[in-house]
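Engineer: File follows, my_file-v6.pdb with PDB, C-alpha atoms and all ligand atoms:
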```
ATOM      1  CA  MET R   1      19.385 -80.081 247.854  1.00  0.00           C
ATOM      2  CA  GLN R   2      20.557 -77.834 250.634  1.00  0.00           C
ATOM      3  CA  LEU R   3      18.214 -75.136 251.935  1.00  0.00           C
ATOM      4  CA  HIS R   4      19.761 -71.878 253.203  1.00  0.00           C
ATOM      5  CA  GLN R   5      17.103 -69.717 254.880  1.00  0.00           C
ATOM      6  CA  PHE R   6      17.467 -66.024 255.715  1.00  0.00           C
ATOM      7  CA  THR R   7      15.240 -63.554 257.540  1.00  0.00           C
ATOM      8  CA  ASP R   8      15.197 -61.098 254.627  1.00  0.00           C
ATOM      9  CA  SER R   9      16.662 -60.465 251.210  1.00  0.00           C
ATOM     10  CA  ALA R  10      19.350 -58.110 252.565  1.00  0.00           C
ATOM     11  CA  ALA R  11      20.803 -60.927 254.707  1.00  0.00           C
ATOM     12  CA  LEU R  12      20.380 -63.392 251.841  1.00  0.00           C
ATOM     13  CA  ASN R  13      22.081 -61.127 249.309  1.00  0.00           C
ATOM     14  CA  ASN R  14      25.068 -60.448 251.614  1.00  0.00           C
ATOM     15  CA  ASP R  15      25.687 -64.139 252.075  1.00  0.00           C
ATOM     16  CA  PHE R  16      24.926 -65.063 248.466  1.00  0.00           C
ATOM     17  CA  ALA R  17      27.146 -62.337 246.976  1.00  0.00           C
ATOM     18  CA  ALA R  18      30.026 -63.478 249.228  1.00  0.00           C
ATOM     19  CA  LYS R  19      29.523 -67.128 248.158  1.00  0.00           C
ATOM     20  CA  LEU R  20      29.477 -66.171 244.464  1.00  0.00           C
ATOM     21  CA  VAL R  21      32.535 -63.933 244.721  1.00  0.00           C
ATOM     22  CA  ALA R  22      34.448 -66.757 246.462  1.00  0.00           C
ATOM     23  CA  ILE R  23      33.464 -69.183 243.670  1.00  0.00           C
ATOM     24  CA  LEU R  24      34.409 -66.733 240.911  1.00  0.00           C
ATOM     25  CA  SER R  25      37.722 -65.764 242.595  1.00  0.00           C
ATOM     26  CA  ASN R  26      38.626 -69.407 243.015  1.00  0.00           C
ATOM     27  CA  ALA R  27      37.815 -70.103 239.342  1.00  0.00           C
ATOM     28  CA  ILE R  28      39.985 -67.184 238.244  1.00  0.00           C
ATOM     29  CA  SER R  29      42.932 -68.300 240.408  1.00  0.00           C
ATOM     30  CA  THR R  30      42.568 -71.928 239.283  1.00  0.00           C
ATOM     31  CA  ARG R  31      41.662 -71.606 235.590  1.00  0.00           C
ATOM     32  CA  GLY R  32      42.219 -67.923 234.750  1.00  0.00           C
ATOM     33  CA  ALA R  33      38.542 -67.342 233.934  1.00  0.00           C
ATOM     34  CA  ALA R  34      35.107 -67.641 235.526  1.00  0.00           C
ATOM     35  CA  TYR R  35      31.667 -68.255 233.994  1.00  0.00           C
ATOM     36  CA  LEU R  36      28.505 -67.095 235.752  1.00  0.00           C
ATOM     37  CA  VAL R  37      24.950 -67.774 234.562  1.00  0.00           C
ATOM     38  CA  VAL R  38      22.229 -65.560 236.034  1.00  0.00           C
ATOM     39  CA  SER R  39      18.444 -65.490 235.838  1.00  0.00           C
ATOM     40  CA  GLY R  40      16.182 -62.557 235.105  1.00  0.00           C
ATOM     41  CA  GLY R  41      12.825 -61.548 236.559  1.00  0.00           C
ATOM     42  CA  ARG R  42      12.312 -59.557 239.762  1.00  0.00           C
ATOM     43  CA  THR R  43      14.186 -61.729 242.272  1.00  0.00           C
ATOM     44  CA  PRO R  44      17.875 -61.088 241.460  1.00  0.00           C
ATOM     45  CA  GLN R  45      17.952 -57.289 241.130  1.00  0.00           C
ATOM     46  CA  ALA R  46      19.353 -56.459 244.608  1.00  0.00           C
ATOM     47  CA  LEU R  47      21.809 -59.354 244.386  1.00  0.00           C
ATOM     48  CA  PHE R  48      23.061 -57.960 241.066  1.00  0.00           C
ATOM     49  CA  GLN R  49      23.623 -54.556 242.675  1.00  0.00           C
ATOM     50  CA  ALA R  50      25.545 -56.165 245.559  1.00  0.00           C
ATOM     51  CA  LEU R  51      27.749 -58.079 243.108  1.00  0.00           C
ATOM     52  CA  ALA R  52      28.387 -55.025 240.947  1.00  0.00           C
ATOM     53  CA  ALA R  53      29.676 -53.137 244.001  1.00  0.00           C
ATOM     54  CA  THR R  54      32.181 -55.898 244.863  1.00  0.00           C
ATOM     55  CA  PRO R  55      35.811 -55.653 243.727  1.00  0.00           C
ATOM     56  CA  LEU R  56      36.895 -58.745 241.756  1.00  0.00           C
ATOM     57  CA  ALA R  57      38.948 -59.386 238.611  1.00  0.00           C
ATOM     58  CA  TRP R  58      35.702 -58.941 236.659  1.00  0.00           C
ATOM     59  CA  GLU R  59      37.627 -58.668 233.365  1.00  0.00           C
ATOM     60  CA  ASN R  60      38.128 -62.446 233.738  1.00  0.00           C
ATOM     61  CA  VAL R  61      34.436 -63.142 234.296  1.00  0.00           C
ATOM     62  CA  THR R  62      31.952 -64.045 231.553  1.00  0.00           C
ATOM     63  CA  ILE R  63      28.276 -63.584 232.378  1.00  0.00           C
ATOM     64  CA  LEU R  64      25.263 -64.871 230.509  1.00  0.00           C
ATOM     65  CA  LEU R  65      21.574 -65.362 231.196  1.00  0.00           C
ATOM     66  CA  ALA R  66      19.833 -68.679 231.814  1.00  0.00           C
ATOM     67  CA  ASP R  67      17.034 -67.328 229.628  1.00  0.00           C
ATOM     68  CA  ASP R  68      15.586 -64.212 228.098  1.00  0.00           C
ATOM     69  CA  ARG R  69      12.339 -62.968 226.676  1.00  0.00           C
ATOM     70  CA  TYR R  70      12.705 -62.610 222.890  1.00  0.00           C
ATOM     71  CA  LEU R  71      12.520 -58.829 222.861  1.00  0.00           C
ATOM     72  CA  PRO R  72      14.785 -55.997 221.731  1.00  0.00           C
ATOM     73  CA  THR R  73      17.459 -55.696 224.387  1.00  0.00           C
ATOM     74  CA  ASP R  74      16.399 -52.193 225.421  1.00  0.00           C
ATOM     75  CA  SER R  75      12.849 -53.358 226.151  1.00  0.00           C
ATOM     76  CA  GLU R  76      11.629 -52.852 229.744  1.00  0.00           C
ATOM     77  CA  GLN R  77      10.945 -56.609 230.074  1.00  0.00           C
ATOM     78  CA  SER R  78      14.222 -57.822 228.605  1.00  0.00           C
ATOM     79  CA  ASN R  79      16.361 -59.754 231.082  1.00  0.00           C
ATOM     80  CA  GLU R  80      19.422 -58.479 229.200  1.00  0.00           C
ATOM     81  CA  ARG R  81      18.356 -54.883 229.861  1.00  0.00           C
ATOM     82  CA  LEU R  82      18.041 -55.749 233.572  1.00  0.00           C
ATOM     83  CA  VAL R  83      21.511 -57.319 233.721  1.00  0.00           C
ATOM     84  CA  LYS R  84      23.078 -54.361 231.930  1.00  0.00           C
ATOM     85  CA  ALA R  85      21.328 -51.859 234.220  1.00  0.00           C
ATOM     86  CA  THR R  86      22.042 -53.597 237.534  1.00  0.00           C
ATOM     87  CA  LEU R  87      24.859 -56.157 237.261  1.00  0.00           C
ATOM     88  CA  LEU R  88      27.175 -54.872 234.540  1.00  0.00           C
ATOM     89  CA  GLN R  89      27.837 -51.691 236.502  1.00  0.00           C
ATOM     90  CA  GLN R  90      30.600 -50.344 238.773  1.00  0.00           C
ATOM     91  CA  HIS R  91      33.307 -53.043 239.230  1.00  0.00           C
ATOM     92  CA  ALA R  92      31.337 -55.624 237.226  1.00  0.00           C
ATOM     93  CA  ALA R  93      31.216 -53.320 234.178  1.00  0.00           C
ATOM     94  CA  HIS R  94      34.518 -55.010 233.223  1.00  0.00           C
ATOM     95  CA  ALA R  95      32.897 -58.434 232.811  1.00  0.00           C
ATOM     96  CA  THR R  96      32.182 -59.907 229.368  1.00  0.00           C
ATOM     97  CA  PHE R  97      28.485 -60.390 228.647  1.00  0.00           C
ATOM     98  CA  ILE R  98      27.120 -62.952 226.176  1.00  0.00           C
ATOM     99  CA  SER R  99      23.713 -62.014 224.808  1.00  0.00           C
ATOM    100  CA  LEU R 100      20.863 -64.467 224.148  1.00  0.00           C
ATOM    101  CA  TYR R 101      19.436 -62.083 221.537  1.00  0.00           C
ATOM    102  CA  ALA R 102      19.909 -62.079 217.766  1.00  0.00           C
ATOM    103  CA  GLU R 103      17.689 -60.195 215.362  1.00  0.00           C
ATOM    104  CA  ALA R 104      15.517 -62.617 213.397  1.00  0.00           C
ATOM    105  CA  GLU R 105      11.886 -63.203 212.419  1.00  0.00           C
ATOM    106  CA  ASN R 106      11.197 -64.827 215.796  1.00  0.00           C
ATOM    107  CA  ALA R 107      12.939 -66.658 218.661  1.00  0.00           C
ATOM    108  CA  PHE R 108      13.013 -69.964 216.771  1.00  0.00           C
ATOM    109  CA  ALA R 109      14.755 -68.360 213.791  1.00  0.00           C
ATOM    110  CA  ALA R 110      17.239 -66.648 216.130  1.00  0.00           C
ATOM    111  CA  VAL R 111      18.517 -69.883 217.732  1.00  0.00           C
ATOM    112  CA  PRO R 112      21.147 -70.779 215.058  1.00  0.00           C
ATOM    113  CA  ALA R 113      22.890 -67.440 215.661  1.00  0.00           C
ATOM    114  CA  ILE R 114      22.784 -67.745 219.460  1.00  0.00           C
ATOM    115  CA  LEU R 115      23.568 -71.451 219.894  1.00  0.00           C
ATOM    116  CA  PRO R 116      27.331 -71.333 219.096  1.00  0.00           C
ATOM    117  CA  ARG R 117      27.871 -68.504 221.613  1.00  0.00           C
ATOM    118  CA  VAL R 118      26.700 -70.787 224.428  1.00  0.00           C
ATOM    119  CA  ALA R 119      27.614 -74.263 223.143  1.00  0.00           C
ATOM    120  CA  SER R 120      31.282 -73.267 222.901  1.00  0.00           C
ATOM    121  CA  LEU R 121      31.575 -72.232 226.564  1.00  0.00           C
ATOM    122  CA  PRO R 122      33.295 -74.494 229.104  1.00  0.00           C
ATOM    123  CA  THR R 123      31.675 -75.838 232.274  1.00  0.00           C
ATOM    124  CA  PHE R 124      30.101 -72.948 234.157  1.00  0.00           C
ATOM    125  CA  ASP R 125      31.325 -72.033 237.630  1.00  0.00           C
ATOM    126  CA  ALA R 126      27.940 -70.980 238.987  1.00  0.00           C
ATOM    127  CA  VAL R 127      24.389 -71.067 237.681  1.00  0.00           C
ATOM    128  CA  ILE R 128      21.728 -69.036 239.520  1.00  0.00           C
ATOM    129  CA  LEU R 129      18.281 -70.356 238.716  1.00  0.00           C
ATOM    130  CA  GLY R 130      15.001 -68.615 239.471  1.00  0.00           C
ATOM    131  CA  MET R 131      11.597 -70.260 239.793  1.00  0.00           C
ATOM    132  CA  GLY R 132       8.143 -69.090 238.796  1.00  0.00           C
ATOM    133  CA  GLU R 133       4.975 -70.014 240.687  1.00  0.00           C
ATOM    134  CA  ASP R 134       4.238 -72.663 238.040  1.00  0.00           C
ATOM    135  CA  GLY R 135       7.595 -74.342 238.757  1.00  0.00           C
ATOM    136  CA  HIS R 136       9.264 -73.044 235.607  1.00  0.00           C
ATOM    137  CA  THR R 137      12.955 -72.317 235.717  1.00  0.00           C
ATOM    138  CA  ALA R 138      14.975 -70.480 233.063  1.00  0.00           C
ATOM    139  CA  SER R 139      12.384 -70.545 230.238  1.00  0.00           C
ATOM    140  CA  LEU R 140      11.565 -74.226 230.722  1.00  0.00           C
ATOM    141  CA  PHE R 141       7.822 -73.716 231.170  1.00  0.00           C
ATOM    142  CA  PRO R 142       5.407 -76.561 232.036  1.00  0.00           C
ATOM    143  CA  CYS R 143       2.915 -75.078 229.577  1.00  0.00           C
ATOM    144  CA  SER R 144       5.220 -74.927 226.555  1.00  0.00           C
ATOM    145  CA  LYS R 145       5.375 -77.473 223.741  1.00  0.00           C
ATOM    146  CA  GLN R 146       9.154 -77.239 223.816  1.00  0.00           C
ATOM    147  CA  LEU R 147       9.507 -78.482 227.425  1.00  0.00           C
ATOM    148  CA  ALA R 148      10.409 -82.103 226.570  1.00  0.00           C
ATOM    149  CA  GLU R 149      13.114 -80.839 224.212  1.00  0.00           C
ATOM    150  CA  GLY R 150      14.501 -78.484 226.874  1.00  0.00           C
ATOM    151  CA  LEU R 151      14.633 -81.278 229.469  1.00  0.00           C
ATOM    152  CA  ALA R 152      16.142 -83.922 227.165  1.00  0.00           C
ATOM    153  CA  ASP R 153      19.669 -85.105 227.973  1.00  0.00           C
ATOM    154  CA  THR R 154      20.493 -84.813 224.261  1.00  0.00           C
ATOM    155  CA  ALA R 155      19.175 -81.236 223.916  1.00  0.00           C
ATOM    156  CA  PRO R 156      21.270 -78.533 222.285  1.00  0.00           C
ATOM    157  CA  ALA R 157      22.641 -75.865 224.635  1.00  0.00           C
ATOM    158  CA  VAL R 158      19.997 -73.329 223.613  1.00  0.00           C
ATOM    159  CA  LEU R 159      16.387 -73.581 222.493  1.00  0.00           C
ATOM    160  CA  ALA R 160      13.457 -71.321 221.743  1.00  0.00           C
ATOM    161  CA  ALA R 161      10.216 -71.743 223.676  1.00  0.00           C
ATOM    162  CA  GLU R 162       6.737 -70.333 223.509  1.00  0.00           C
ATOM    163  CA  PRO R 163       4.940 -70.384 226.878  1.00  0.00           C
ATOM    164  CA  THR R 164       1.155 -70.209 226.739  1.00  0.00           C
ATOM    165  CA  SER R 165       0.754 -68.905 230.305  1.00  0.00           C
ATOM    166  CA  ALA R 166       3.439 -66.194 230.153  1.00  0.00           C
ATOM    167  CA  PRO R 167       4.148 -63.481 227.618  1.00  0.00           C
ATOM    168  CA  PHE R 168       6.746 -63.491 224.823  1.00  0.00           C
ATOM    169  CA  GLN R 169       8.663 -66.161 223.011  1.00  0.00           C
ATOM    170  CA  ARG R 170      11.787 -67.098 224.944  1.00  0.00           C
ATOM    171  CA  ILE R 171      15.356 -68.171 224.453  1.00  0.00           C
ATOM    172  CA  SER R 172      16.500 -70.603 227.132  1.00  0.00           C
ATOM    173  CA  LEU R 173      19.512 -72.650 228.005  1.00  0.00           C
ATOM    174  CA  SER R 174      18.568 -76.322 228.090  1.00  0.00           C
ATOM    175  CA  LYS R 175      18.570 -78.387 231.283  1.00  0.00           C
ATOM    176  CA  VAL R 176      21.679 -80.280 230.213  1.00  0.00           C
ATOM    177  CA  ARG R 177      23.639 -77.053 229.526  1.00  0.00           C
ATOM    178  CA  LEU R 178      22.515 -75.508 232.830  1.00  0.00           C
ATOM    179  CA  LEU R 179      23.542 -78.624 234.745  1.00  0.00           C
ATOM    180  CA  ASP R 180      27.059 -78.369 233.303  1.00  0.00           C
ATOM    181  CA  SER R 181      28.155 -76.194 236.221  1.00  0.00           C
ATOM    182  CA  ARG R 182      30.327 -76.596 239.302  1.00  0.00           C
ATOM    183  CA  HIS R 183      27.694 -74.915 241.484  1.00  0.00           C
ATOM    184  CA  ILE R 184      23.936 -74.576 241.020  1.00  0.00           C
ATOM    185  CA  PHE R 185      21.845 -72.202 243.121  1.00  0.00           C
ATOM    186  CA  LEU R 186      18.113 -71.623 243.253  1.00  0.00           C
ATOM    187  CA  HIS R 187      17.329 -68.053 244.354  1.00  0.00           C
ATOM    188  CA  LEU R 188      13.908 -67.576 245.961  1.00  0.00           C
ATOM    189  CA  VAL R 189      12.587 -64.431 247.622  1.00  0.00           C
ATOM    190  CA  GLY R 190       8.997 -64.093 248.836  1.00  0.00           C
ATOM    191  CA  GLU R 191       6.622 -66.156 250.995  1.00  0.00           C
ATOM    192  CA  ASN R 192       4.727 -67.199 247.865  1.00  0.00           C
ATOM    193  CA  LYS R 193       7.787 -69.135 246.616  1.00  0.00           C
ATOM    194  CA  PHE R 194       8.084 -71.465 249.624  1.00  0.00           C
ATOM    195  CA  PRO R 195       4.927 -73.561 249.002  1.00  0.00           C
ATOM    196  CA  VAL R 196       6.003 -73.859 245.359  1.00  0.00           C
ATOM    197  CA  LEU R 197       9.383 -75.191 246.509  1.00  0.00           C
ATOM    198  CA  GLN R 198       7.624 -77.671 248.833  1.00  0.00           C
ATOM    199  CA  GLN R 199       5.392 -78.811 245.976  1.00  0.00           C
ATOM    200  CA  ALA R 200       8.445 -79.248 243.741  1.00  0.00           C
ATOM    201  CA  LEU R 201      10.186 -81.323 246.419  1.00  0.00           C
ATOM    202  CA  ALA R 202       7.118 -83.504 247.036  1.00  0.00           C
ATOM    203  CA  ASP R 203       7.164 -85.177 243.606  1.00  0.00           C
ATOM    204  CA  THR R 204       9.713 -85.850 240.879  1.00  0.00           C
ATOM    205  CA  ASP R 205       7.890 -85.234 237.561  1.00  0.00           C
ATOM    206  CA  PRO R 206       9.689 -82.385 235.760  1.00  0.00           C
ATOM    207  CA  MET R 207       6.997 -82.178 233.055  1.00  0.00           C
ATOM    208  CA  GLN R 208       4.659 -80.806 235.773  1.00  0.00           C
ATOM    209  CA  MET R 209       7.286 -78.590 237.421  1.00  0.00           C
ATOM    210  CA  PRO R 210      10.536 -78.241 235.445  1.00  0.00           C
ATOM    211  CA  ILE R 211      12.559 -77.096 238.497  1.00  0.00           C
ATOM    212  CA  ARG R 212      12.263 -80.721 239.714  1.00  0.00           C
ATOM    213  CA  ALA R 213      14.773 -81.776 237.064  1.00  0.00           C
ATOM    214  CA  PHE R 214      17.374 -79.850 239.095  1.00  0.00           C
ATOM    215  CA  LEU R 215      16.098 -80.386 242.657  1.00  0.00           C
ATOM    216  CA  HIS R 216      15.830 -84.157 242.202  1.00  0.00           C
ATOM    217  CA  HIS R 217      18.856 -84.696 239.990  1.00  0.00           C
ATOM    218  CA  PRO R 218      20.724 -87.820 241.187  1.00  0.00           C
ATOM    219  CA  SER R 219      24.213 -86.349 240.948  1.00  0.00           C
ATOM    220  CA  VAL R 220      23.731 -82.595 241.375  1.00  0.00           C
ATOM    221  CA  SER R 221      23.180 -80.755 244.630  1.00  0.00           C
ATOM    222  CA  VAL R 222      21.292 -77.475 244.373  1.00  0.00           C
ATOM    223  CA  ASP R 223      21.835 -74.791 247.036  1.00  0.00           C
ATOM    224  CA  VAL R 224      18.469 -73.129 247.612  1.00  0.00           C
ATOM    225  CA  MET R 225      18.855 -69.531 248.843  1.00  0.00           C
ATOM    226  CA  TYR R 226      15.496 -68.512 250.344  1.00  0.00           C
ATOM    227  CA  SER R 227      14.144 -65.522 252.228  1.00  0.00           C
ATOM    228  CA  PRO R 228      10.439 -64.796 252.833  1.00  0.00           C
ATOM    229  CA  LYS R 229      10.799 -61.043 252.082  1.00  0.00           C
TER     230      LYS R 229
HETATM  231  O1  LIG R 301      10.198 -65.182 233.317  1.00  0.00           O
HETATM  232  C1  LIG R 301      11.081 -65.386 234.139  1.00  0.00           C
HETATM  233  O2  LIG R 301      10.710 -65.741 235.414  1.00  0.00           O
HETATM  234  C2  LIG R 301      11.602 -66.423 236.303  1.00  0.00           C
HETATM  235  C3  LIG R 301      11.141 -66.086 237.728  1.00  0.00           C
HETATM  236  O3  LIG R 301      11.047 -64.664 237.843  1.00  0.00           O
HETATM  237  P1  LIG R 301      10.734 -63.880 239.206  1.00  0.00           P
HETATM  238  O4  LIG R 301      10.282 -62.513 238.756  1.00  0.00           O
HETATM  239  O5  LIG R 301       9.659 -64.646 239.924  1.00  0.00           O
HETATM  240  O6  LIG R 301      12.019 -63.834 239.971  1.00  0.00           O
HETATM  241  C4  LIG R 301      13.067 -66.029 236.060  1.00  0.00           C
HETATM  242  O7  LIG R 301      13.910 -66.871 236.799  1.00  0.00           O
HETATM  243  C5  LIG R 301      13.385 -66.090 234.570  1.00  0.00           C
HETATM  244  O8  LIG R 301      14.742 -65.772 234.324  1.00  0.00           O
HETATM  245  C6  LIG R 301      12.497 -65.107 233.842  1.00  0.00           C
HETATM  246  O9  LIG R 301      12.750 -65.060 232.441  1.00  0.00           O
END
```
Show the structure stored in the file as structure tokens.
Structural biologist:
Amino acid sequence: MQLHQFTDSAALNNDFAAKLVAILSNAISTRGAAYLVVSGGRTPQALFQALAATPLAWENVTILLADDRYLPTDSEQSNERLVKATLLQQHAAHATFISLYAEAENAFAAVPAILPRVASLPTFDAVILGMGEDGHTASLFPCSKQLAEGLADTAPAVLAAEPTSAPFQRISLSKVRLLDSRHIFLHLVGENKFPVLQQALADTDPMQMPIRAFLHHPSVSVDVMYSPK
């Protein structure tokens, strides 16, 4: 784990957007295509706007979410709605977006339609994880019955989850699919997130705090991008 600390989110986002654009540009020059996985929630909105304003061969970039709430995609709390409103704009409007939504009776019934979209993708170039105050990341929630499945090394690329301490059924990429990336970042903004990070670093049990599966992984180094405000 490498911790990068900034005085505020403006400084963090400048640096982070530049890092991501360098990674994506390098992927495009080397392999002709780049794959970026982003998180939802409140934290990444300004970063998304900074990325959208940056010139890049976005037509060669594929973007998908690490997780989404199982809601119609125009719902106020849909991560997909957020990405479309803030990231897939300006220059980045040319990127390809892969949705984690399919209409079905519920999130569990939607998985067979969503799974092949994600399972067929190559190694990602960058994954941006978020973290909730309970140590959840993507929609791998400590309170959900599906956590062991999501953390298993044999898990499918995508699973449905039903948190009991957060609203909505979820669709999430599994730990093993998220780890299949050349770069993994954890994006944290707010003083309240720092003690949670310290707690996650102090022990290794991912069933208590799922972000530990990434922070303590023996062969993966996570770049933590943190600012207190
Ligand atoms: O529910 C979710 O929460 C986490 C953290 O969100 P934040 O608002 O504290 O940034 C997010 O990473 C995840 O994608 C989202 O579905």
Engineer: Step by step, measure atom-to-atom distances between ligand LIG 301 (chain R) and each residue using all atoms listed in the file, keep those at most 10 Å, then write them as a ChimeraX atom specification.
Structural biologist: /R:38-45,65-70,77-80,128-141,163,166-168,170-172,186-190,192-193
Engineer: Taking into account all atoms listed in the file, which residue in the set R:Leu3, R:Leu82, R:Val176, R:Ala200 is nearest to Thr154 in chain R?
Structural biologist: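 Smallest distance to Thr154 in chain R is found for R:Val176.
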Engineer: Quick one: which residues end up in the PyMOL selection byres (((chain R and resi 182) around 10) and not hetatm) for this structure, as a PyMOL selection string?
Structural biologist: chain R and resi 23+27+35+123-127+179-181+183-184+220-221
Engineer: Using the chain letters and residue numbers of this document, give as a PyMOL selection string the residues selected by the PyMOL selection byres (((chain R and resi 108) around 12) and not hetatm).
Structural biologist: chain R and resi 70+101-107+109-115+146+158-162+169-172
Engineer: Just to confirm, what's the straight-line distance from CA of Ser29 in chain R to CA of Thr54 in chain R in Å (one decimal)?
Structural biologist: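 Going from CA of Ser29 in chain R over to CA of Thr54 in chain R, I get 17.0 Å.
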Engineer: Kindly assemble as a Markdown table a list of the range 29-53 of chain R residues that lie within 9 Å of range 85-93 of chain R, each paired with its nearest atom pair and their distance in Å to one decimal, using all atoms listed in the file, sorted first by chain and then by ascending residue number.
Structural biologist:
```
| residue | atom | partner | partner_atom | distance |
| --- | --- | --- | --- | --- |
| R:Gln45 | CA | R:Thr86 | CA | 6.6 |
| R:Ala46 | CA | R:Thr86 | CA | 8.1 |
| R:Leu47 | CA | R:Leu87 | CA | 8.4 |
| R:Phe48 | CA | R:Leu87 | CA | 4.6 |
| R:Gln49 | CA | R:Thr86 | CA | 5.5 |
| R:Ala50 | CA | R:Leu87 | CA | 8.3 |
| R:Leu51 | CA | R:Leu87 | CA | 6.8 |
| R:Ala52 | CA | R:Ala92 | CA | 4.8 |
| R:Ala53 | CA | R:His91 | CA | 6.0 |
```
Engineer: Report as a PyMOL selection string all protein, DNA and RNA residues lying within 12 Å of Thr96 in chain R, evaluated on all atoms listed in the file, omitting residues in the same chain fewer than 2 positions from it.
Structural biologist: chain R and resi 33-37+57-64+83-84+87-89+92-94+98-99
Engineer: Quick one: distance from CA of Ala11 in chain R to CA of Glu191 in chain R in Å, one decimal?
Structural biologist: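 The value is 15.6 Å.
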Engineer: Do you know which residues are at most 12 Å from Thr204 in chain R counting only C-alpha atoms, after dropping those on the same chain fewer than 2 positions away, and could you put them as a list of chain:residue names?
Structural biologist: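 In the requested form, the answer reads R:Gly135, R:Gln198, R:Gln199, R:Ala200, R:Leu201, R:Ala202, R:Pro206, R:Met207, R:Gln208, R:Met209, R:Pro210, R:Ile211, R:Arg212, R:Ala213, R:Phe214, R:Leu215, R:His216, R:His217, R:Pro218.
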Engineer: Using CA of Asn13 in chain R and CA of Ser227 in chain R as the two end points, give the distance in Å to one decimal.
Structural biologist: 9.5 Å
Engineer: Run the PyMOL selection byres (((chain R and resi 15) around 12) and not hetatm) on the file and write out the hits as a PyMOL selection string.
Structural biologist: chain R and resi 4-14+16-22+47+50-51+225-227
Engineer: If I only have part of range 10-22 of chain R, can you fill in N, CA and C atoms and write it as a PDB file, in the frame of the given file?
Structural biologist:
```pdb
ATOM      1  N   ALA R  10      18.061 -58.784 252.340  1.00  0.00           N
ATOM      2  CA  ALA R  10      19.350 -58.110 252.565  1.00  0.00           C
ATOM      3  C   ALA R  10      20.357 -59.119 253.131  1.00  0.00           C
ATOM      4  N   ALA R  11      19.914 -59.903 254.120  1.00  0.00           N
ATOM      5  CA  ALA R  11      20.803 -60.927 254.707  1.00  0.00           C
ATOM      6  C   ALA R  11      21.148 -61.984 253.657  1.00  0.00           C
ATOM      7  N   LEU R  12      20.144 -62.384 252.887  1.00  0.00           N
ATOM      8  CA  LEU R  12      20.380 -63.392 251.841  1.00  0.00           C
ATOM      9  C   LEU R  12      21.412 -62.872 250.828  1.00  0.00           C
ATOM     10  N   ASN R  13      21.200 -61.653 250.360  1.00  0.00           N
ATOM     11  CA  ASN R  13      22.081 -61.127 249.309  1.00  0.00           C
ATOM     12  C   ASN R  13      23.518 -60.961 249.792  1.00  0.00           C
ATOM     13  N   ASN R  14      23.698 -60.558 251.064  1.00  0.00           N
ATOM     14  CA  ASN R  14      25.068 -60.448 251.614  1.00  0.00           C
ATOM     15  C   ASN R  14      25.773 -61.784 251.542  1.00  0.00           C
ATOM     16  N   ASP R  15      25.092 -62.806 252.037  1.00  0.00           N
ATOM     17  CA  ASP R  15      25.687 -64.139 252.075  1.00  0.00           C
ATOM     18  C   ASP R  15      25.898 -64.687 250.652  1.00  0.00           C
ATOM     19  N   PHE R  16      24.879 -64.502 249.826  1.00  0.00           N
ATOM     20  CA  PHE R  16      24.926 -65.063 248.466  1.00  0.00           C
ATOM     21  C   PHE R  16      26.028 -64.375 247.639  1.00  0.00           C
ATOM     22  N   ALA R  17      26.109 -63.052 247.745  1.00  0.00           N
ATOM     23  CA  ALA R  17      27.146 -62.337 246.976  1.00  0.00           C
ATOM     24  C   ALA R  17      28.528 -62.816 247.417  1.00  0.00           C
ATOM     25  N   ALA R  18      28.716 -63.013 248.738  1.00  0.00           N
ATOM     26  CA  ALA R  18      30.026 -63.478 249.228  1.00  0.00           C
ATOM     27  C   ALA R  18      30.334 -64.881 248.695  1.00  0.00           C
ATOM     28  N   LYS R  19      29.323 -65.754 248.685  1.00  0.00           N
ATOM     29  CA  LYS R  19      29.523 -67.128 248.158  1.00  0.00           C
ATOM     30  C   LYS R  19      29.931 -67.065 246.681  1.00  0.00           C
ATOM     31  N   LEU R  20      29.210 -66.243 245.911  1.00  0.00           N
ATOM     32  CA  LEU R  20      29.477 -66.171 244.464  1.00  0.00           C
ATOM     33  C   LEU R  20      30.859 -65.589 244.189  1.00  0.00           C
ATOM     34  N   VAL R  21      31.224 -64.552 244.939  1.00  0.00           N
ATOM     35  CA  VAL R  21      32.535 -63.933 244.721  1.00  0.00           C
ATOM     36  C   VAL R  21      33.639 -64.938 245.063  1.00  0.00           C
ATOM     37  N   ALA R  22      33.444 -65.732 246.114  1.00  0.00           N
ATOM     38  CA  ALA R  22      34.448 -66.757 246.462  1.00  0.00           C
ATOM     39  C   ALA R  22      34.572 -67.783 245.332  1.00  0.00           C
TER      40      ALA R  22
END
```
